[in-house]
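Data file: upload-v9.txt. Format and content: compact mmCIF, C-alpha atoms.
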```
# COMPACT_ATOMS: atom_id res chain seq x y z
CA TYR A 1 10.72 24.86 20.69
CA GLN A 2 8.25 24.46 23.52
CA GLY A 3 5.86 22.81 21.06
CA LEU A 4 8.54 20.34 19.93
CA THR A 5 9.42 19.50 23.54
CA LEU A 6 5.79 18.88 24.46
CA PHE A 7 5.38 16.73 21.34
CA GLU A 8 8.36 14.59 22.40
CA LEU A 9 6.69 14.15 25.81
CA GLY A 10 3.55 12.84 24.09
CA LEU A 11 1.53 15.92 25.10
CA TYR A 12 0.05 16.42 21.64
CA TYR A 13 -2.75 18.90 22.28
CA SER A 14 -0.47 20.98 24.50
CA SER A 15 2.07 20.90 21.68
CA PHE A 16 -0.58 22.19 19.27
CA ILE A 17 -1.40 25.05 21.65
CA SER A 18 2.24 26.14 21.50
CA PHE A 19 2.37 25.93 17.71
CA ARG A 20 -0.96 27.79 17.43
CA LYS A 21 0.55 30.76 19.28
CA VAL A 22 3.05 31.05 16.44
CA LEU A 23 0.38 30.72 13.74
CA LEU A 24 -1.88 33.38 15.24
CA THR A 25 0.78 36.08 14.86
CA ALA A 26 2.45 37.12 11.61
CA ASP A 27 5.93 38.02 12.86
CA ASP A 28 8.56 38.98 10.25
CA ARG A 29 11.33 38.47 12.80
CA ASN A 30 10.54 34.77 13.20
CA ARG A 31 9.66 33.64 9.69
CA GLU A 32 11.91 30.58 9.98
CA VAL A 33 9.68 28.97 12.65
CA TYR A 34 6.50 28.85 10.54
CA GLU A 35 7.50 25.82 8.49
CA LYS A 36 7.95 23.54 11.52
CA ALA A 37 4.96 25.05 13.33
CA ILE A 38 2.61 24.41 10.39
CA LYS A 39 3.94 20.93 9.67
CA ASN A 40 3.73 19.73 13.27
CA ALA A 41 0.42 21.41 14.04
CA VAL A 42 -1.33 19.83 11.01
CA ILE A 43 0.08 16.33 11.65
CA ILE A 44 -0.74 16.45 15.38
CA MET A 45 -4.28 17.74 14.96
CA ASP A 46 -5.09 15.35 12.12
CA ARG A 47 -4.11 12.55 14.51
CA LEU A 48 -6.58 14.05 17.02
CA ASN A 49 -9.25 14.44 14.30
CA MET A 50 -9.29 18.20 14.94
CA VAL A 51 -7.25 19.52 12.00
CA GLU A 52 -9.89 22.17 11.29
CA LYS A 53 -8.59 24.07 14.35
CA VAL A 54 -5.24 24.49 12.59
CA GLY A 55 -7.06 25.40 9.39
CA LYS A 56 -8.94 28.19 11.15
CA ALA A 57 -5.66 29.71 12.37
CA LEU A 58 -3.93 29.31 9.00
CA ASP A 59 -6.90 30.84 7.18
CA GLN A 60 -6.15 34.11 8.99
CA LEU A 61 -2.37 33.95 8.49
CA PRO A 62 -1.04 36.00 5.52
CA ALA A 63 -0.08 33.68 2.65
CA GLY A 64 3.45 35.03 2.65
CA PHE A 65 4.10 33.34 5.99
CA ILE A 66 3.27 29.88 4.64
CA PRO A 67 6.44 28.37 3.09
CA GLY A 68 6.02 26.47 -0.18
CA SER A 69 7.35 23.30 1.47
CA VAL A 70 4.24 23.10 3.69
CA ALA A 71 1.72 24.76 1.37
CA GLY A 72 0.02 21.40 0.70
CA LEU A 73 -0.42 20.79 4.44
CA ALA A 74 -1.81 24.30 4.87
CA HIS A 75 -4.28 23.83 1.98
CA TYR A 76 -5.44 20.54 3.51
CA ALA A 77 -6.02 22.11 6.94
CA ILE A 78 -7.73 25.25 5.59
CA GLY A 79 -9.82 23.13 3.22
CA THR A 80 -10.92 20.90 6.10
CA TYR A 81 -11.88 23.97 8.14
CA HIS A 82 -14.10 25.29 5.33
CA PHE A 83 -15.42 21.74 4.73
CA LYS A 84 -16.66 21.69 8.33
CA GLN A 85 -18.16 25.17 7.86
CA ASN A 86 -19.87 23.97 4.64
CA ASN A 87 -18.16 26.72 2.64
CA ILE A 88 -18.17 24.44 -0.40
CA ASP A 89 -16.36 26.47 -3.06
CA THR A 90 -13.64 27.77 -0.71
CA ALA A 91 -13.07 24.29 0.71
CA MET A 92 -12.81 22.77 -2.78
CA SER A 93 -10.34 25.42 -3.91
CA HIS A 94 -7.96 24.56 -1.05
CA LEU A 95 -8.43 20.79 -1.18
CA LYS A 96 -7.71 20.72 -4.92
CA SER A 97 -4.38 22.44 -4.16
CA VAL A 98 -3.12 19.52 -2.03
CA ASN A 99 -0.23 17.97 -3.99
CA PRO A 100 -0.05 14.20 -4.77
CA GLU A 101 3.08 13.75 -2.61
CA ASN A 102 1.21 15.04 0.44
CA GLN A 103 0.34 12.43 3.10
CA PHE A 104 -3.22 13.81 3.23
CA TYR A 105 -3.79 13.70 -0.54
CA GLU A 106 -6.28 10.80 -0.32
CA LYS A 107 -8.21 12.44 2.53
CA ALA A 108 -8.42 15.67 0.53
CA HIS A 109 -9.92 13.72 -2.39
CA LEU A 110 -12.45 12.06 -0.09
CA PHE A 111 -13.59 15.46 1.18
CA LEU A 112 -13.79 16.74 -2.41
CA GLY A 113 -16.04 13.83 -3.32
CA ILE A 114 -18.33 14.53 -0.35
CA LEU A 115 -18.52 18.24 -1.22
CA LEU A 116 -19.44 17.40 -4.81
CA THR A 117 -22.29 15.14 -3.63
CA ARG A 118 -23.60 18.12 -1.66
CA LYS A 119 -23.62 20.00 -4.97
CA LYS A 120 -25.26 16.94 -6.62
CA ASP A 121 -22.38 16.78 -9.09
CA TYR A 122 -22.24 12.99 -8.97
CA LYS A 123 -20.06 12.57 -12.05
CA GLU A 124 -17.20 14.52 -10.48
CA ALA A 125 -17.84 12.95 -7.06
CA ILE A 126 -17.50 9.49 -8.61
CA TYR A 127 -14.14 10.51 -10.08
CA TYR A 128 -12.72 11.56 -6.68
CA PHE A 129 -14.10 8.60 -4.73
CA ASN A 130 -12.72 6.24 -7.35
CA ARG A 131 -9.32 7.92 -7.09
CA VAL A 132 -9.29 7.36 -3.33
CA VAL A 133 -10.18 3.68 -3.76
CA GLU A 134 -7.42 3.22 -6.34
CA ASP A 135 -4.77 5.27 -4.51
CA THR A 136 -5.30 3.42 -1.21
CA ARG A 137 -5.32 -0.07 -2.72
CA GLY A 138 -2.86 -2.35 -0.96
CA LYS A 139 -2.21 0.17 1.85
CA ARG A 140 -3.36 -1.60 4.99
CA GLU A 141 -3.19 1.53 7.16
CA MET A 142 -5.64 3.24 4.79
CA PHE A 143 -8.24 0.45 4.74
CA PRO A 144 -10.86 2.44 6.75
CA LEU A 145 -10.48 5.40 4.37
CA GLN A 146 -10.76 3.08 1.36
CA GLU A 147 -13.95 1.45 2.67
CA LEU A 148 -15.55 4.83 3.33
CA ALA A 149 -14.62 6.01 -0.17
CA ARG A 150 -15.96 2.75 -1.66
CA LEU A 151 -19.30 3.22 0.15
CA ASN A 152 -19.59 6.82 -1.06
CA LEU A 153 -18.65 5.67 -4.57
CA ALA A 154 -21.49 3.13 -4.65
CA ARG A 155 -23.92 5.73 -3.29
CA SER A 156 -22.89 8.34 -5.85
CA ILE A 157 -23.21 5.88 -8.73
CA TYR A 158 -26.73 5.00 -7.54
CA SER A 159 -27.63 8.70 -7.16
CA SER A 160 -26.37 9.34 -10.71
CA GLY A 161 -29.00 6.89 -11.97
CA ASP A 162 -26.67 4.04 -12.99
CA ILE A 163 -28.55 1.27 -11.17
CA ASP A 164 -26.70 -1.74 -12.59
CA LYS A 165 -23.27 -0.27 -11.92
CA SER A 166 -24.22 0.64 -8.34
CA ILE A 167 -25.25 -2.99 -7.76
CA GLU A 168 -21.83 -4.06 -9.05
CA PHE A 169 -20.01 -1.74 -6.64
CA TYR A 170 -22.14 -2.65 -3.61
CA ALA A 171 -21.37 -6.31 -4.40
CA GLN A 172 -17.64 -5.65 -3.90
CA PHE A 173 -18.03 -5.31 -0.12
CA LEU A 174 -17.13 -8.23 2.14
CA SER A 175 -18.93 -9.18 5.34
CA SER A 176 -15.82 -8.04 7.26
CA SER A 177 -16.46 -4.43 6.19
CA PRO A 178 -17.37 -2.03 9.01
CA TYR A 179 -20.22 -0.88 6.75
CA TRP A 180 -21.65 -4.34 6.06
CA LEU A 181 -25.08 -3.72 7.61
CA THR A 182 -25.38 -0.36 5.80
CA VAL A 183 -24.35 -2.00 2.51
CA LEU A 184 -26.92 -4.80 2.82
CA LEU A 185 -29.70 -2.29 3.37
CA GLU A 186 -28.63 0.28 0.76
CA ALA A 187 -27.90 -2.31 -1.93
CA SER A 188 -31.45 -3.63 -1.60
CA TRP A 189 -32.84 -0.48 -3.24
CA PRO A 190 -31.05 -0.73 -6.61
CA LEU A 191 -31.62 -4.49 -6.57
CA MET A 192 -35.35 -3.92 -6.19
CA ARG A 193 -35.32 -1.33 -8.99
CA ALA A 194 -33.48 -3.85 -11.21
CA ASN A 195 -36.21 -6.42 -10.40
CA ASP A 196 -33.69 -8.68 -8.63
CA THR A 197 -36.10 -9.30 -5.77
CA THR A 198 -34.48 -12.61 -4.75
CA VAL A 199 -31.15 -11.04 -3.78
CA SER A 200 -32.85 -7.95 -2.37
CA LEU A 201 -35.07 -10.08 -0.11
CA GLY A 202 -32.02 -12.14 0.85
CA ASN A 203 -30.24 -8.98 2.01
CA LEU A 204 -33.30 -7.80 3.90
CA HIS A 205 -33.74 -11.21 5.54
CA THR A 206 -30.29 -10.72 7.07
CA VAL A 207 -30.94 -7.11 8.09
CA THR A 208 -34.25 -8.01 9.80
CA SER A 209 -32.79 -11.07 11.53
CA PRO A 210 -32.61 -11.19 15.36
CA PHE A 211 -28.89 -10.31 15.16
CA TYR A 212 -29.64 -6.80 13.84
CA ARG A 213 -33.16 -6.44 15.22
CA GLU A 214 -32.29 -3.62 17.64
CA ASP A 215 -30.23 -1.51 15.26
CA LEU A 216 -32.84 0.97 13.98
CA VAL A 217 -33.37 -0.80 10.66
CA GLY A 218 -37.08 -0.05 10.30
CA GLU A 219 -36.49 0.94 6.68
CA ALA A 220 -35.64 -2.70 5.91
CA TYR A 221 -39.08 -3.88 7.07
CA ILE A 222 -40.85 -1.29 4.92
CA LEU A 223 -38.79 -2.15 1.85
CA ARG A 224 -39.28 -5.88 2.43
CA ALA A 225 -43.05 -5.39 2.74
CA THR A 226 -43.09 -3.30 -0.45
CA ILE A 227 -41.28 -6.01 -2.42
CA LEU A 228 -43.54 -8.74 -1.03
CA PHE A 229 -46.57 -6.66 -2.03
CA SER A 230 -45.27 -6.44 -5.61
CA LEU A 231 -44.89 -10.25 -5.58
CA CYS A 232 -48.46 -10.69 -4.22
CA LYS A 233 -47.11 -12.46 -1.10
CA TYR A 234 -49.67 -10.79 1.14
CA GLU A 235 -49.48 -13.07 4.18
CA GLU A 236 -45.70 -12.75 4.40
CA MET A 237 -46.08 -9.02 3.88
CA ARG A 238 -48.59 -8.86 6.75
CA ARG A 239 -46.16 -10.69 9.09
CA THR A 240 -43.34 -8.31 8.14
CA LEU A 241 -45.47 -5.26 8.95
CA ASN A 242 -46.61 -6.80 12.25
CA HIS A 243 -42.95 -7.35 13.19
CA PHE A 244 -42.24 -3.71 12.39
CA PHE A 245 -45.02 -2.45 14.66
CA VAL A 246 -44.10 -4.81 17.51
CA LEU A 247 -40.42 -3.79 17.37
CA TYR A 248 -40.62 -0.10 16.59
CA ASP A 249 -43.76 1.24 18.26
CA PRO A 250 -42.00 0.96 21.67
CA VAL A 251 -38.90 2.61 20.17
CA VAL A 252 -40.98 5.53 18.83
CA ARG A 253 -42.60 6.03 22.25
CA ALA A 254 -39.20 5.85 23.97
CA MET A 255 -37.64 8.39 21.59
CA GLN A 256 -40.57 10.79 21.97
CA SER A 257 -40.16 10.56 25.75
CA GLU A 258 -36.39 11.10 25.48
CA VAL A 259 -36.91 14.35 23.54
CA THR A 260 -38.86 15.74 26.51
CA LYS A 261 -36.68 14.29 29.28
CA LEU A 262 -33.25 15.10 27.82
CA GLY A 263 -33.92 18.32 25.94
CA ALA A 264 -30.39 19.76 25.75
CA PRO A 265 -27.19 18.55 24.00
CA ASP A 266 -25.27 17.99 27.25
CA ALA A 267 -28.05 15.71 28.50
CA PHE A 268 -27.87 13.65 25.29
CA TYR A 269 -24.09 13.35 25.66
CA HIS A 270 -24.22 12.22 29.30
CA ALA A 271 -27.09 9.81 28.59
CA TYR A 272 -25.06 8.18 25.81
CA VAL A 273 -21.74 7.84 27.65
CA SER A 274 -23.42 6.66 30.87
CA GLY A 275 -25.59 4.12 29.05
CA LYS A 276 -28.67 5.46 30.87
CA GLY A 277 -31.49 7.48 29.36
CA LEU A 278 -31.43 6.47 25.68
CA ASN A 279 -33.17 3.47 24.13
CA PHE A 280 -31.08 0.47 23.12
CA ALA A 281 -31.91 0.66 19.39
CA PHE A 282 -30.71 4.27 19.08
CA VAL A 283 -27.56 3.53 21.09
CA ASN A 284 -26.76 0.57 18.82
CA MET A 285 -27.14 2.78 15.76
CA VAL A 286 -24.87 5.46 17.25
CA LYS A 287 -22.18 2.86 17.99
CA ARG A 288 -21.78 2.42 14.23
CA ASP A 289 -21.23 6.16 13.67
CA ASP A 290 -17.61 6.91 12.68
CA GLY A 291 -17.73 10.52 13.85
CA ILE A 292 -18.98 9.67 17.34
CA ASN A 293 -16.46 6.84 17.72
CA ASN A 294 -13.58 9.08 16.63
CA ASN A 295 -14.65 11.79 19.06
CA LEU A 296 -14.78 9.30 21.94
CA LYS A 297 -11.20 8.25 21.17
CA VAL A 298 -10.07 11.88 21.08
CA LEU A 299 -11.77 12.55 24.41
CA ASP A 300 -9.87 9.64 25.94
CA LEU A 301 -6.57 11.01 24.57
CA LEU A 302 -7.32 14.51 25.89
CA ARG A 303 -8.20 13.20 29.35
CA ILE A 304 -5.03 11.13 29.52
CA GLU A 305 -3.02 14.20 28.49
CA ARG A 306 -4.84 16.30 31.10
CA ARG A 307 -3.74 13.89 33.82
CA ASN A 308 -0.16 13.98 32.54
CA VAL A 309 -0.10 17.79 32.38
CA ALA A 310 -1.30 17.92 36.01
CA ARG A 311 2.18 16.76 37.05
CA PHE A 312 3.62 20.08 35.83
CA GLN A 313 0.98 22.47 37.16
CA ARG A 314 3.38 24.35 39.42
CA ASN A 315 4.52 25.90 36.15
CA ASP A 316 2.16 28.77 35.21
CA GLN A 317 2.32 27.94 31.50
CA MET A 318 1.43 24.30 32.12
CA HIS A 319 -1.38 25.36 34.42
CA ARG A 320 -2.76 27.39 31.50
CA MET A 321 -2.29 24.36 29.21
CA ALA A 322 -4.41 22.28 31.60
CA GLN A 323 -7.18 24.89 31.46
CA LEU A 324 -7.11 24.90 27.66
CA ILE A 325 -7.32 21.08 27.56
CA ASP A 326 -10.33 21.26 29.90
CA GLU A 327 -11.93 23.76 27.52
CA ALA A 328 -11.23 21.46 24.54
CA VAL A 329 -12.84 18.51 26.38
CA ARG A 330 -15.95 20.53 27.21
CA ALA A 331 -16.21 21.82 23.63
CA LEU A 332 -15.93 18.31 22.21
CA GLU A 333 -18.48 16.93 24.68
CA ASN A 334 -20.87 19.71 23.63
CA GLU A 335 -20.22 19.02 19.95
CA MET A 336 -21.00 15.33 20.51
CA GLY A 337 -24.16 16.25 22.39
CA ILE A 338 -25.34 18.43 19.49
CA THR A 339 -24.59 15.62 17.03
CA LEU A 340 -26.43 13.05 19.17
CA GLN A 341 -29.45 15.31 19.53
CA ARG A 342 -29.50 15.95 15.77
CA LEU A 343 -29.21 12.22 15.00
CA HIS A 344 -31.96 11.45 17.51
CA LYS A 345 -34.30 13.99 15.93
CA ARG A 346 -33.58 12.72 12.41
CA LYS A 347 -34.08 9.07 13.33
CA LEU A 348 -37.36 9.81 15.14
CA VAL A 349 -38.66 11.64 12.05
CA GLU A 350 -37.59 8.69 9.86
CA LEU A 351 -39.33 6.18 12.16
CA LEU A 352 -42.55 8.18 12.14
CA GLU A 353 -42.41 8.33 8.33
CA GLN A 354 -41.77 4.57 8.19
CA ARG A 355 -44.72 3.99 10.52
CA GLU A 356 -46.93 6.05 8.21
CA GLN A 357 -45.73 3.99 5.23
CA ALA A 358 -46.39 0.76 7.16
CA ASN A 359 -49.97 1.86 7.90
CA TYR A 360 -50.47 2.69 4.21
CA LEU A 361 -49.22 -0.79 3.23
CA LYS A 362 -51.63 -2.36 5.75
CA VAL A 363 -54.49 -0.62 3.99
CA GLU A 364 -53.19 -1.84 0.63
CA ILE A 365 -53.39 -5.45 1.87
CA VAL A 366 -57.05 -4.95 2.73
```

What would the structure in this file look like if it were written as structure tokens?
Amino acid sequence: YQGLTLFELGLYYSSFISFRKVLLTADDRNREVYEKAIKNAVIIMDRLNMVEKVGKALDQLPAGFIPGSVAGLAHYAIGTYHFKQNNIDTAMSHLKSVNPENQFYEKAHLFLGILLTRKKDYKEAIYYFNRVVEDTRGKREMFPLQELARLNLARSIYSSGDIDKSIEFYAQFLSSSPYWLTVLLEASWPLMRANDTTVSLGNLHTVTSPFYREDLVGEAYILRATILFSLCKYEEMRRTLNHFFVLYDPVVRAMQSEVTKLGAPDAFYHAYVSGKGLNFAFVNMVKRDDGINNNLKVLDLLRIERRNVARFQRNDQMHRMAQLIDEAVRALENEMGITLQRLHKRKLVELLEQREQANYLKVEIV
């Protein structure tokens, strides 16, 4: 009942903490409370993009304490927990058990598709991504989920080797899509392989325009130069490579310096949120990352809740709630720092590889 009261007050994470206490103990005397505890905990934590925390608790709860009425919610939460842990087969087993009437049915299918791409089972992945696209059609509140599924669908079709069909699916995106820049760049590869160099170069002309210049799109310059080489347009190819070096040599030097200066995940986090210490191109790329953006929103919600809980701190239980919220904030900041550091390392490696390819193409011109 404390959890329900806190939920009504808009103190969602505090509410989850109360429900989690129930889920961490298998108590025969209070079996009737598990249905509401599971239902509310999963809905609350999905809203906070932290449903795996519920899944971790439910994974340890004996199955007999999970009522059939909320079994689908439990499977979704436990599946998400194992998805985050990369326990592919266990995650898939739970996610496949989410029933069609469940409000998280489409999300479960999206996760199944992603897991299948990790297994390189593109045929099955295509099936699940396509189901998400179809099941979310006409549902405005699910547009972001639909667009993400559509992008993964096009990628999986390309990875399966069906070049022409992947071109068809990439062509379905509109310029209003949050993934428009990604689509323009990715679609250029199958277009090049299908010898449609005109459209591919048109896409790359947009990606390499001043509007996107500082968005870590070095790959677009290399691909454009490669296509121009195949068309024997050597002077235009030379200009494209020169633009790449002028734009990205300073970025490479900056990123190499940042590795030394920042070093640890917390430094990467504080550099990003303060806007000081990371180069503009990397920051622009990170701003398009769904995971980072979702985590920033959750941090804002947790901090607002922390301020609201402070009004009740004369109560020992609420004082403990405040401490647990502080711990959740620190854990999420650390998680973001680790993600930022990993992204930074990956992008630096990619830029160095692109620079090596650019030097090779320069030699080819000669």

Contacts of region 204-216 of chain A within 6 Å, only C-alpha atoms, excl. fewer than 5 positions in-chain, as a ChimeraX atom specification: /A:281,284-285

File dump, residues just selected, C-alpha atoms, as a CSV table (one decimal), in the frame of the given file:
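Final output, saved to again16.csv:
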```csv
chain,number,residue,atom,x,y,z
A,281,ALA,CA,-31.9,0.7,19.4
A,284,ASN,CA,-26.8,0.6,18.8
A,285,MET,CA,-27.1,2.8,15.8
```

Can you list, as an MDAnalysis selection string, every protein, DNA or RNA residue that comes within 12 Å of Tyr127 (chain A) when you count all atoms listed in the file, leaving out same-chain residues fewer than 2 positions away? chainID A and resid 109:110 112:114 116:117 121:125 129:134 149:150 152:154 156:157

Find the residues around Thr197 (chain A) up to 12 Å (all atoms listed in the file counted), leave out those fewer than 3 positions away in its own chain, and share them as a list in words.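 In the requested format, the answer is Ala187, Ser188, Trp189, Pro190, Leu191, Met192, Arg193, Ala194, Ser200, Leu201, Gly202, Asn203, Leu204, His205, Leu223, Arg224, Ala225, Thr226, Ile227, Leu228, Phe229, Ser230 and Leu231 of chain A.
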
Nearest residue to Tyr13 (chain A) from the set A:Ala63, A:Ala264, A:Val329, A:Ile292 (distances using all atoms listed in the file): A:Val329

Write out as a ChimeraX atom specification each polymer residue whose atoms come within 9 Å of region 308-321 of chain A, counting only C-alpha atoms; drop sequence neighbours fewer than 2 positions from it. /A:11,13-14,17,303-306,323-326

Please measure the separation of CA of Val217 (chain A) and CA of Phe244 (chain A), giving the value in Å to one decimal. 9.5 Å

Nearest to Leu58 (chain A), chosen from A:Asn87, A:Ser160, A:Asn30, A:Thr25, with only C-alpha atoms counted in the distances: A:Thr25

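Closest to Val259 (chain A) among A:Gly291, A:Val246, A:Leu340, A:Arg140 is A:Leu340, based on all atoms listed in the file.
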
Would you mind reading off the distance between CA of Lys362 (chain A) and CA of Thr182 (chain A), one decimal, in Å?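 Answer for the CA of Lys362 (chain A) to CA of Thr182 (chain A) separation: 26.3 Å.
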
Around all listed atoms of region 175-179 of chain A, padded 8 Å per side, what centre and edge lengths does the axis-aligned box have in Å to one decimal, as JSON?
```
{"center_x": -18.0, "center_y": -5.0, "center_z": 7.2, "size_x": 20.4, "size_y": 24.3, "size_z": 19.7}
```

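In this structure, CA of Asp164 (chain A) sits 22.9 Å away from CA of Arg118 (chain A).
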
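Nearest to Phe104 (chain A) of all the residues A:Lys53, A:Asp46, A:Phe83, A:Leu148 is A:Asp46, based on all atoms listed in the file.
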
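Every protein, DNA or RNA residue with an atom at most 12 Å from Phe7 (chain A), where only C-alpha atoms count and chain neighbours fewer than 4 positions away do not, is listed here: Tyr1, Gln2, Gly3, Leu11, Tyr12, Tyr13, Ser14, Ser15, Phe16, Ile17, Ser18, Phe19, Ala37, Asn40, Ala41, Ile43, Ile44, Met45 and Glu305 of chain A.
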
From the options A:Ala77, A:Ala26, A:Val298, A:Val98, which residue's atoms come nearest to Leu61 (chain A), counting only C-alpha atoms?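 Using only C-alpha atoms, the shortest distance to Leu61 (chain A) belongs to A:Ala26.
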